[in-house]
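A.B. asks: As input, take target_16.txt (compact mmCIF, N, CA, C and O atoms):
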# COMPACT_ATOMS: atom_id res chain seq x y z
N MET A 239 7.96 -4.99 -2.06
CA MET A 239 6.71 -4.74 -1.38
C MET A 239 6.08 -3.46 -1.92
O MET A 239 4.87 -3.41 -2.13
N VAL A 240 6.90 -2.44 -2.14
CA VAL A 240 6.40 -1.17 -2.65
C VAL A 240 5.76 -1.35 -4.03
O VAL A 240 4.66 -0.85 -4.29
N ASP A 241 6.43 -2.09 -4.90
CA ASP A 241 5.87 -2.32 -6.24
C ASP A 241 4.57 -3.12 -6.17
O ASP A 241 3.62 -2.82 -6.89
N HIS A 242 4.53 -4.11 -5.30
CA HIS A 242 3.32 -4.92 -5.14
C HIS A 242 2.14 -4.05 -4.68
O HIS A 242 1.04 -4.15 -5.21
N ILE A 243 2.39 -3.18 -3.71
CA ILE A 243 1.33 -2.29 -3.21
C ILE A 243 0.87 -1.35 -4.31
O ILE A 243 -0.33 -1.19 -4.56
N THR A 244 1.82 -0.74 -5.01
CA THR A 244 1.48 0.20 -6.08
C THR A 244 0.68 -0.49 -7.18
O THR A 244 -0.38 0.00 -7.60
N ASP A 245 1.17 -1.63 -7.65
CA ASP A 245 0.47 -2.37 -8.71
C ASP A 245 -0.92 -2.81 -8.26
O ASP A 245 -1.88 -2.75 -9.04
N SER A 246 -1.03 -3.27 -7.02
CA SER A 246 -2.32 -3.71 -6.50
C SER A 246 -3.33 -2.57 -6.48
O SER A 246 -4.49 -2.76 -6.85
N ILE A 247 -2.91 -1.41 -6.05
CA ILE A 247 -3.83 -0.27 -6.00
C ILE A 247 -4.20 0.16 -7.41
O ILE A 247 -5.37 0.47 -7.68
N HIS A 248 -3.26 0.15 -8.34
CA HIS A 248 -3.57 0.50 -9.73
C HIS A 248 -4.59 -0.44 -10.33
O HIS A 248 -5.36 -0.04 -11.21
N ASN A 249 -4.62 -1.68 -9.88
CA ASN A 249 -5.48 -2.70 -10.48
C ASN A 249 -6.72 -3.03 -9.67
O ASN A 249 -7.39 -4.03 -9.96
N ILE A 250 -7.05 -2.23 -8.69
CA ILE A 250 -8.24 -2.49 -7.88
C ILE A 250 -9.48 -2.35 -8.75
O ILE A 250 -9.63 -1.40 -9.52
N LYS A 251 -10.36 -3.30 -8.62
CA LYS A 251 -11.64 -3.28 -9.33
C LYS A 251 -12.73 -2.92 -8.34
O LYS A 251 -12.87 -3.56 -7.30
N VAL A 252 -13.48 -1.89 -8.65
CA VAL A 252 -14.57 -1.45 -7.78
C VAL A 252 -15.75 -2.40 -7.95
O VAL A 252 -16.17 -2.67 -9.07
N VAL A 253 -16.24 -2.90 -6.84
CA VAL A 253 -17.39 -3.79 -6.85
C VAL A 253 -18.63 -2.94 -6.59
O VAL A 253 -18.64 -2.09 -5.71
N GLY A 254 -19.66 -3.17 -7.37
CA GLY A 254 -20.89 -2.40 -7.19
C GLY A 254 -20.88 -1.15 -8.05
O GLY A 254 -20.37 -1.15 -9.16
N LYS A 255 -21.41 -0.08 -7.50
CA LYS A 255 -21.54 1.18 -8.23
C LYS A 255 -20.16 1.78 -8.53
O LYS A 255 -19.35 1.95 -7.62
N PRO A 256 -19.89 2.12 -9.80
CA PRO A 256 -18.61 2.73 -10.16
C PRO A 256 -18.38 4.04 -9.39
O PRO A 256 -19.31 4.78 -9.12
N ASN A 257 -17.14 4.28 -9.02
CA ASN A 257 -16.77 5.49 -8.31
C ASN A 257 -15.62 6.14 -9.08
O ASN A 257 -14.46 5.83 -8.83
N PRO A 258 -15.92 7.05 -10.00
CA PRO A 258 -14.88 7.66 -10.84
C PRO A 258 -13.79 8.36 -10.02
O PRO A 258 -12.62 8.32 -10.40
N GLU A 259 -14.16 8.98 -8.92
CA GLU A 259 -13.17 9.67 -8.10
C GLU A 259 -12.16 8.67 -7.52
O GLU A 259 -10.95 8.89 -7.54
N PHE A 260 -12.67 7.56 -6.99
CA PHE A 260 -11.78 6.52 -6.45
C PHE A 260 -10.93 5.91 -7.56
O PHE A 260 -9.72 5.73 -7.39
N GLU A 261 -11.54 5.60 -8.69
CA GLU A 261 -10.81 4.99 -9.79
C GLU A 261 -9.70 5.90 -10.29
O GLU A 261 -8.60 5.44 -10.60
N ASN A 262 -9.95 7.20 -10.34
CA ASN A 262 -8.93 8.16 -10.75
C ASN A 262 -7.79 8.19 -9.72
O ASN A 262 -6.61 8.21 -10.09
N TRP A 263 -8.15 8.20 -8.44
CA TRP A 263 -7.13 8.20 -7.40
C TRP A 263 -6.28 6.94 -7.50
O TRP A 263 -5.04 7.00 -7.46
N ALA A 264 -6.91 5.76 -7.63
CA ALA A 264 -6.18 4.50 -7.70
C ALA A 264 -5.26 4.44 -8.91
O ALA A 264 -4.11 4.01 -8.81
N LYS A 265 -5.76 4.91 -10.04
CA LYS A 265 -4.98 4.89 -11.28
C LYS A 265 -3.73 5.78 -11.14
O LYS A 265 -2.68 5.49 -11.70
N ASN A 266 -3.84 6.87 -10.38
CA ASN A 266 -2.75 7.83 -10.25
C ASN A 266 -1.93 7.68 -8.98
O ASN A 266 -1.08 8.51 -8.68
N PHE A 267 -2.17 6.60 -8.22
CA PHE A 267 -1.41 6.35 -7.00
C PHE A 267 0.06 6.16 -7.38
O PHE A 267 0.39 5.36 -8.25
N LYS A 268 0.93 6.90 -6.72
CA LYS A 268 2.35 6.89 -7.09
C LYS A 268 3.16 5.92 -6.24
O LYS A 268 2.90 5.72 -5.07
N ARG A 269 4.16 5.35 -6.87
CA ARG A 269 5.08 4.44 -6.18
C ARG A 269 5.71 5.13 -4.97
O ARG A 269 5.91 4.50 -3.93
N GLU A 270 6.01 6.41 -5.10
CA GLU A 270 6.61 7.16 -4.00
C GLU A 270 5.70 7.20 -2.77
O GLU A 270 6.19 7.22 -1.64
N GLU A 271 4.39 7.23 -3.01
CA GLU A 271 3.45 7.22 -1.89
C GLU A 271 3.51 5.87 -1.15
O GLU A 271 3.51 5.83 0.08
N ALA A 272 3.58 4.79 -1.91
CA ALA A 272 3.69 3.47 -1.29
C ALA A 272 5.02 3.35 -0.55
O ALA A 272 5.07 2.84 0.57
N ALA A 273 6.10 3.84 -1.15
CA ALA A 273 7.42 3.77 -0.51
C ALA A 273 7.43 4.55 0.80
O ALA A 273 7.97 4.08 1.81
N PHE A 274 6.80 5.70 0.80
CA PHE A 274 6.72 6.51 2.02
C PHE A 274 6.00 5.74 3.12
O PHE A 274 6.46 5.69 4.26
N LEU A 275 4.88 5.14 2.78
CA LEU A 275 4.10 4.40 3.77
C LEU A 275 4.84 3.17 4.28
O LEU A 275 4.83 2.88 5.48
N VAL A 276 5.49 2.44 3.41
CA VAL A 276 6.27 1.27 3.83
C VAL A 276 7.40 1.71 4.76
O VAL A 276 7.62 1.12 5.81
N ASP A 277 8.10 2.77 4.38
CA ASP A 277 9.18 3.28 5.23
C ASP A 277 8.66 3.71 6.59
O ASP A 277 9.28 3.44 7.62
N MET A 278 7.52 4.37 6.61
CA MET A 278 6.93 4.80 7.88
C MET A 278 6.60 3.59 8.75
O MET A 278 6.82 3.61 9.95
N GLU A 279 6.03 2.57 8.16
CA GLU A 279 5.66 1.38 8.92
C GLU A 279 6.89 0.68 9.48
O GLU A 279 6.89 0.25 10.62
N PHE A 280 7.93 0.55 8.68
CA PHE A 280 9.13 -0.14 9.15
C PHE A 280 9.80 0.63 10.28
O PHE A 280 10.28 0.05 11.23
N VAL A 281 9.85 1.94 10.17
CA VAL A 281 10.54 2.74 11.18
C VAL A 281 9.66 2.97 12.41
O VAL A 281 10.09 2.76 13.54
N VAL A 282 8.41 3.36 12.21
CA VAL A 282 7.54 3.71 13.32
C VAL A 282 6.99 2.48 14.04
O VAL A 282 7.09 2.36 15.25
N ASP A 283 6.40 1.55 13.29
CA ASP A 283 5.75 0.40 13.91
C ASP A 283 6.72 -0.72 14.29
O ASP A 283 6.56 -1.37 15.30
N TRP A 284 7.71 -0.97 13.46
CA TRP A 284 8.59 -2.10 13.69
C TRP A 284 9.89 -1.69 14.36
O TRP A 284 10.65 -2.54 14.77
N GLY A 285 10.16 -0.39 14.43
CA GLY A 285 11.46 0.03 14.91
C GLY A 285 12.46 -0.26 13.81
O GLY A 285 12.11 -0.46 12.66
N TYR A 286 13.69 -0.31 14.12
CA TYR A 286 14.71 -0.58 13.11
C TYR A 286 14.63 -2.05 12.70
O TYR A 286 14.79 -2.94 13.51
N GLU A 287 14.39 -2.29 11.45
CA GLU A 287 14.30 -3.65 10.91
C GLU A 287 15.69 -4.06 10.44
O GLU A 287 16.22 -3.48 9.51
N GLU A 288 16.27 -5.03 11.11
CA GLU A 288 17.64 -5.43 10.81
C GLU A 288 17.73 -6.42 9.65
O GLU A 288 18.79 -6.56 9.04
N ARG A 289 16.65 -7.10 9.34
CA ARG A 289 16.69 -8.06 8.23
C ARG A 289 16.79 -7.33 6.90
O ARG A 289 16.15 -6.31 6.69
N GLU A 290 17.58 -7.87 6.01
CA GLU A 290 17.69 -7.29 4.67
C GLU A 290 16.68 -7.91 3.72
O GLU A 290 16.38 -7.35 2.68
N CYS A 291 16.17 -9.06 4.10
CA CYS A 291 15.20 -9.76 3.26
C CYS A 291 14.08 -10.29 4.15
O CYS A 291 14.33 -10.88 5.19
N ILE A 292 12.86 -10.05 3.72
CA ILE A 292 11.68 -10.53 4.45
C ILE A 292 11.09 -11.67 3.64
O ILE A 292 10.93 -11.54 2.42
N PRO A 293 10.74 -12.79 4.27
CA PRO A 293 10.14 -13.90 3.53
C PRO A 293 8.91 -13.44 2.74
O PRO A 293 8.15 -12.58 3.18
N GLU A 294 8.72 -14.03 1.57
CA GLU A 294 7.64 -13.62 0.67
C GLU A 294 6.27 -13.67 1.34
O GLU A 294 5.47 -12.75 1.18
N GLU A 295 5.98 -14.72 2.06
CA GLU A 295 4.67 -14.83 2.72
C GLU A 295 4.46 -13.70 3.72
O GLU A 295 3.37 -13.14 3.81
N GLU A 296 5.47 -13.39 4.48
CA GLU A 296 5.37 -12.29 5.45
C GLU A 296 5.19 -10.96 4.73
O GLU A 296 4.37 -10.12 5.14
N ALA A 297 5.91 -10.76 3.64
CA ALA A 297 5.79 -9.53 2.87
C ALA A 297 4.39 -9.38 2.27
O ALA A 297 3.81 -8.30 2.29
N LYS A 298 3.82 -10.48 1.76
CA LYS A 298 2.48 -10.44 1.18
C LYS A 298 1.43 -10.11 2.24
O LYS A 298 0.52 -9.32 2.00
N GLU A 299 1.58 -10.72 3.40
CA GLU A 299 0.64 -10.46 4.50
C GLU A 299 0.73 -9.00 4.94
O GLU A 299 -0.28 -8.32 5.12
N TYR A 300 1.92 -8.52 5.08
CA TYR A 300 2.15 -7.14 5.48
C TYR A 300 1.64 -6.17 4.42
O TYR A 300 0.96 -5.19 4.73
N ALA A 301 1.94 -6.46 3.15
CA ALA A 301 1.48 -5.60 2.06
C ALA A 301 -0.04 -5.57 2.00
O ALA A 301 -0.64 -4.51 1.78
N GLY A 302 -0.68 -6.71 2.21
CA GLY A 302 -2.15 -6.77 2.21
C GLY A 302 -2.75 -5.87 3.27
O GLY A 302 -3.73 -5.17 3.03
N ALA A 303 -2.15 -5.88 4.46
CA ALA A 303 -2.64 -5.02 5.54
C ALA A 303 -2.46 -3.55 5.19
O ALA A 303 -3.34 -2.72 5.45
N LEU A 304 -1.34 -3.21 4.56
CA LEU A 304 -1.11 -1.81 4.16
C LEU A 304 -2.06 -1.40 3.04
O LEU A 304 -2.59 -0.28 3.06
N ILE A 305 -2.28 -2.27 2.08
CA ILE A 305 -3.21 -1.96 0.98
C ILE A 305 -4.59 -1.69 1.55
O ILE A 305 -5.26 -0.72 1.16
N LYS A 306 -5.03 -2.53 2.46
CA LYS A 306 -6.35 -2.32 3.07
C LYS A 306 -6.40 -0.96 3.77
O LYS A 306 -7.37 -0.22 3.62
N ARG A 307 -5.38 -0.64 4.52
CA ARG A 307 -5.36 0.64 5.23
C ARG A 307 -5.36 1.82 4.25
O ARG A 307 -6.07 2.80 4.44
N ILE A 308 -4.59 1.71 3.18
CA ILE A 308 -4.53 2.77 2.18
C ILE A 308 -5.88 2.96 1.52
O ILE A 308 -6.39 4.08 1.40
N VAL A 309 -6.49 1.86 1.08
CA VAL A 309 -7.78 1.94 0.37
C VAL A 309 -8.88 2.42 1.31
O VAL A 309 -9.72 3.23 0.92
N ASP A 310 -8.88 1.95 2.54
CA ASP A 310 -9.90 2.39 3.50
C ASP A 310 -9.82 3.88 3.79
O ASP A 310 -10.82 4.49 4.17
N ASN A 311 -8.65 4.48 3.59
CA ASN A 311 -8.46 5.90 3.89
C ASN A 311 -8.10 6.74 2.67
O ASN A 311 -7.54 7.82 2.80
N TRP A 312 -8.44 6.28 1.48
CA TRP A 312 -8.02 6.92 0.24
C TRP A 312 -8.47 8.38 0.13
O TRP A 312 -7.82 9.18 -0.50
N TYR A 313 -9.55 8.73 0.73
CA TYR A 313 -10.14 10.06 0.57
C TYR A 313 -9.54 11.08 1.53
O TYR A 313 -9.87 12.26 1.45
N LEU A 314 -8.68 10.68 2.44
CA LEU A 314 -8.12 11.63 3.44
C LEU A 314 -7.15 12.59 2.86
O LEU A 314 -6.45 12.50 2.03
Could you spell out this file's structure in structure tokens?

C.D. replies:
Amino acid sequence: MVDHITDSIHNIKVVGKPNPEFENWAKNFKREEAAFLVDMEFVVDWGYEERECIPEEEAKEYAGALIKRIVDNWYL
């Protein structure tokens, strides 16, 4: 999930007017940042997650929600 989030942010295409600041941020988004956010979500929002494997569809849905949250708040 962490790699998917990181790769997705690196490959975001800006629609409309180019935003060099956003593009620079997206290009330099680190895997460690995605790992931190995923860990926070699993511990804070889900509590202790006992499953060792999450079904792919569930992981994609969850990753999509995190990507949206990250991109919506990229400037913070």

A.B. asks: Quote the spacing between atom N of A:Glu296 and atom N of A:Asn262 in Å to one decimal place.

C.D. replies: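 So the two atoms, atom N of A:Glu296 and atom N of A:Asn262, lie 29.7 Å apart.
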
A.B. asks: Would you mind listing what lies within 12 Å of A:Gly302 as a ChimeraX atom specification, with only C-alpha atoms counted and same-chain residues fewer than 4 positions away left out?

C.D. replies: /A:239-240,242-244,246-247,276,295-298,306-309

A.B. asks: Using N, CA, C and O atoms, can you write the selected residues to a file as a PDB file, keeping the file's coordinate frame?

C.D. replies:
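Wrote it out as out.pdb, contents follow:
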ATOM      1  N   MET A 239       7.960  -4.990  -2.060  1.00  0.00           N
ATOM      2  CA  MET A 239       6.710  -4.740  -1.380  1.00  0.00           C
ATOM      3  C   MET A 239       6.080  -3.460  -1.920  1.00  0.00           C
ATOM      4  O   MET A 239       4.870  -3.410  -2.130  1.00  0.00           O
ATOM      5  N   VAL A 240       6.900  -2.440  -2.140  1.00  0.00           N
ATOM      6  CA  VAL A 240       6.400  -1.170  -2.650  1.00  0.00           C
ATOM      7  C   VAL A 240       5.760  -1.350  -4.030  1.00  0.00           C
ATOM      8  O   VAL A 240       4.660  -0.850  -4.290  1.00  0.00           O
ATOM      9  N   HIS A 242       4.530  -4.110  -5.300  1.00  0.00           N
ATOM     10  CA  HIS A 242       3.320  -4.920  -5.140  1.00  0.00           C
ATOM     11  C   HIS A 242       2.140  -4.050  -4.680  1.00  0.00           C
ATOM     12  O   HIS A 242       1.040  -4.150  -5.210  1.00  0.00           O
ATOM     13  N   ILE A 243       2.390  -3.180  -3.710  1.00  0.00           N
ATOM     14  CA  ILE A 243       1.330  -2.290  -3.210  1.00  0.00           C
ATOM     15  C   ILE A 243       0.870  -1.350  -4.310  1.00  0.00           C
ATOM     16  O   ILE A 243      -0.330  -1.190  -4.560  1.00  0.00           O
ATOM     17  N   THR A 244       1.820  -0.740  -5.010  1.00  0.00           N
ATOM     18  CA  THR A 244       1.480   0.200  -6.080  1.00  0.00           C
ATOM     19  C   THR A 244       0.680  -0.490  -7.180  1.00  0.00           C
ATOM     20  O   THR A 244      -0.380   0.000  -7.600  1.00  0.00           O
ATOM     21  N   SER A 246      -1.030  -3.270  -7.020  1.00  0.00           N
ATOM     22  CA  SER A 246      -2.320  -3.710  -6.500  1.00  0.00           C
ATOM     23  C   SER A 246      -3.330  -2.570  -6.480  1.00  0.00           C
ATOM     24  O   SER A 246      -4.490  -2.760  -6.850  1.00  0.00           O
ATOM     25  N   ILE A 247      -2.910  -1.410  -6.050  1.00  0.00           N
ATOM     26  CA  ILE A 247      -3.830  -0.270  -6.000  1.00  0.00           C
ATOM     27  C   ILE A 247      -4.200   0.160  -7.410  1.00  0.00           C
ATOM     28  O   ILE A 247      -5.370   0.470  -7.680  1.00  0.00           O
ATOM     29  N   VAL A 276       5.490   2.440   3.410  1.00  0.00           N
ATOM     30  CA  VAL A 276       6.270   1.270   3.830  1.00  0.00           C
ATOM     31  C   VAL A 276       7.400   1.710   4.760  1.00  0.00           C
ATOM     32  O   VAL A 276       7.620   1.120   5.810  1.00  0.00           O
ATOM     33  N   GLU A 295       5.980 -14.720   2.060  1.00  0.00           N
ATOM     34  CA  GLU A 295       4.670 -14.830   2.720  1.00  0.00           C
ATOM     35  C   GLU A 295       4.460 -13.700   3.720  1.00  0.00           C
ATOM     36  O   GLU A 295       3.370 -13.140   3.810  1.00  0.00           O
ATOM     37  N   GLU A 296       5.470 -13.390   4.480  1.00  0.00           N
ATOM     38  CA  GLU A 296       5.370 -12.290   5.450  1.00  0.00           C
ATOM     39  C   GLU A 296       5.190 -10.960   4.730  1.00  0.00           C
ATOM     40  O   GLU A 296       4.370 -10.120   5.140  1.00  0.00           O
ATOM     41  N   ALA A 297       5.910 -10.760   3.640  1.00  0.00           N
ATOM     42  CA  ALA A 297       5.790  -9.530   2.870  1.00  0.00           C
ATOM     43  C   ALA A 297       4.390  -9.380   2.270  1.00  0.00           C
ATOM     44  O   ALA A 297       3.810  -8.300   2.290  1.00  0.00           O
ATOM     45  N   LYS A 298       3.820 -10.480   1.760  1.00  0.00           N
ATOM     46  CA  LYS A 298       2.480 -10.440   1.180  1.00  0.00           C
ATOM     47  C   LYS A 298       1.430 -10.110   2.240  1.00  0.00           C
ATOM     48  O   LYS A 298       0.520  -9.320   2.000  1.00  0.00           O
ATOM     49  N   LYS A 306      -5.030  -2.530   2.460  1.00  0.00           N
ATOM     50  CA  LYS A 306      -6.350  -2.320   3.070  1.00  0.00           C
ATOM     51  C   LYS A 306      -6.400  -0.960   3.770  1.00  0.00           C
ATOM     52  O   LYS A 306      -7.370  -0.220   3.620  1.00  0.00           O
ATOM     53  N   ARG A 307      -5.380  -0.640   4.520  1.00  0.00           N
ATOM     54  CA  ARG A 307      -5.360   0.640   5.230  1.00  0.00           C
ATOM     55  C   ARG A 307      -5.360   1.820   4.250  1.00  0.00           C
ATOM     56  O   ARG A 307      -6.070   2.800   4.440  1.00  0.00           O
ATOM     57  N   ILE A 308      -4.590   1.710   3.180  1.00  0.00           N
ATOM     58  CA  ILE A 308      -4.530   2.770   2.180  1.00  0.00           C
ATOM     59  C   ILE A 308      -5.880   2.960   1.520  1.00  0.00           C
ATOM     60  O   ILE A 308      -6.390   4.080   1.400  1.00  0.00           O
ATOM     61  N   VAL A 309      -6.490   1.860   1.080  1.00  0.00           N
ATOM     62  CA  VAL A 309      -7.780   1.940   0.370  1.00  0.00           C
ATOM     63  C   VAL A 309      -8.880   2.420   1.310  1.00  0.00           C
ATOM     64  O   VAL A 309      -9.720   3.230   0.920  1.00  0.00           O
TER      65      VAL A 309
END

A.B. asks: Would you mind reading off the distance between atom N of A:Tyr300 and atom O of A:Lys265, one decimal, in Å?

C.D. replies: 22.3 Å

A.B. asks: Measure the distance from atom CA of A:Ile292 to atom CA of A:Ala273 in Å and round it to one decimal.

C.D. replies: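 Between these atoms lies a distance of 15.7 Å.
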
A.B. asks: Let me make sure I understand: among A:Leu304, A:Glu294, A:Asp241, A:Gly254, which one has the smallest atom-to-atom distance to A:Lys268 if we use only C-alpha atoms?

C.D. replies: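 Closest to A:Lys268, using only C-alpha atoms: A:Asp241.
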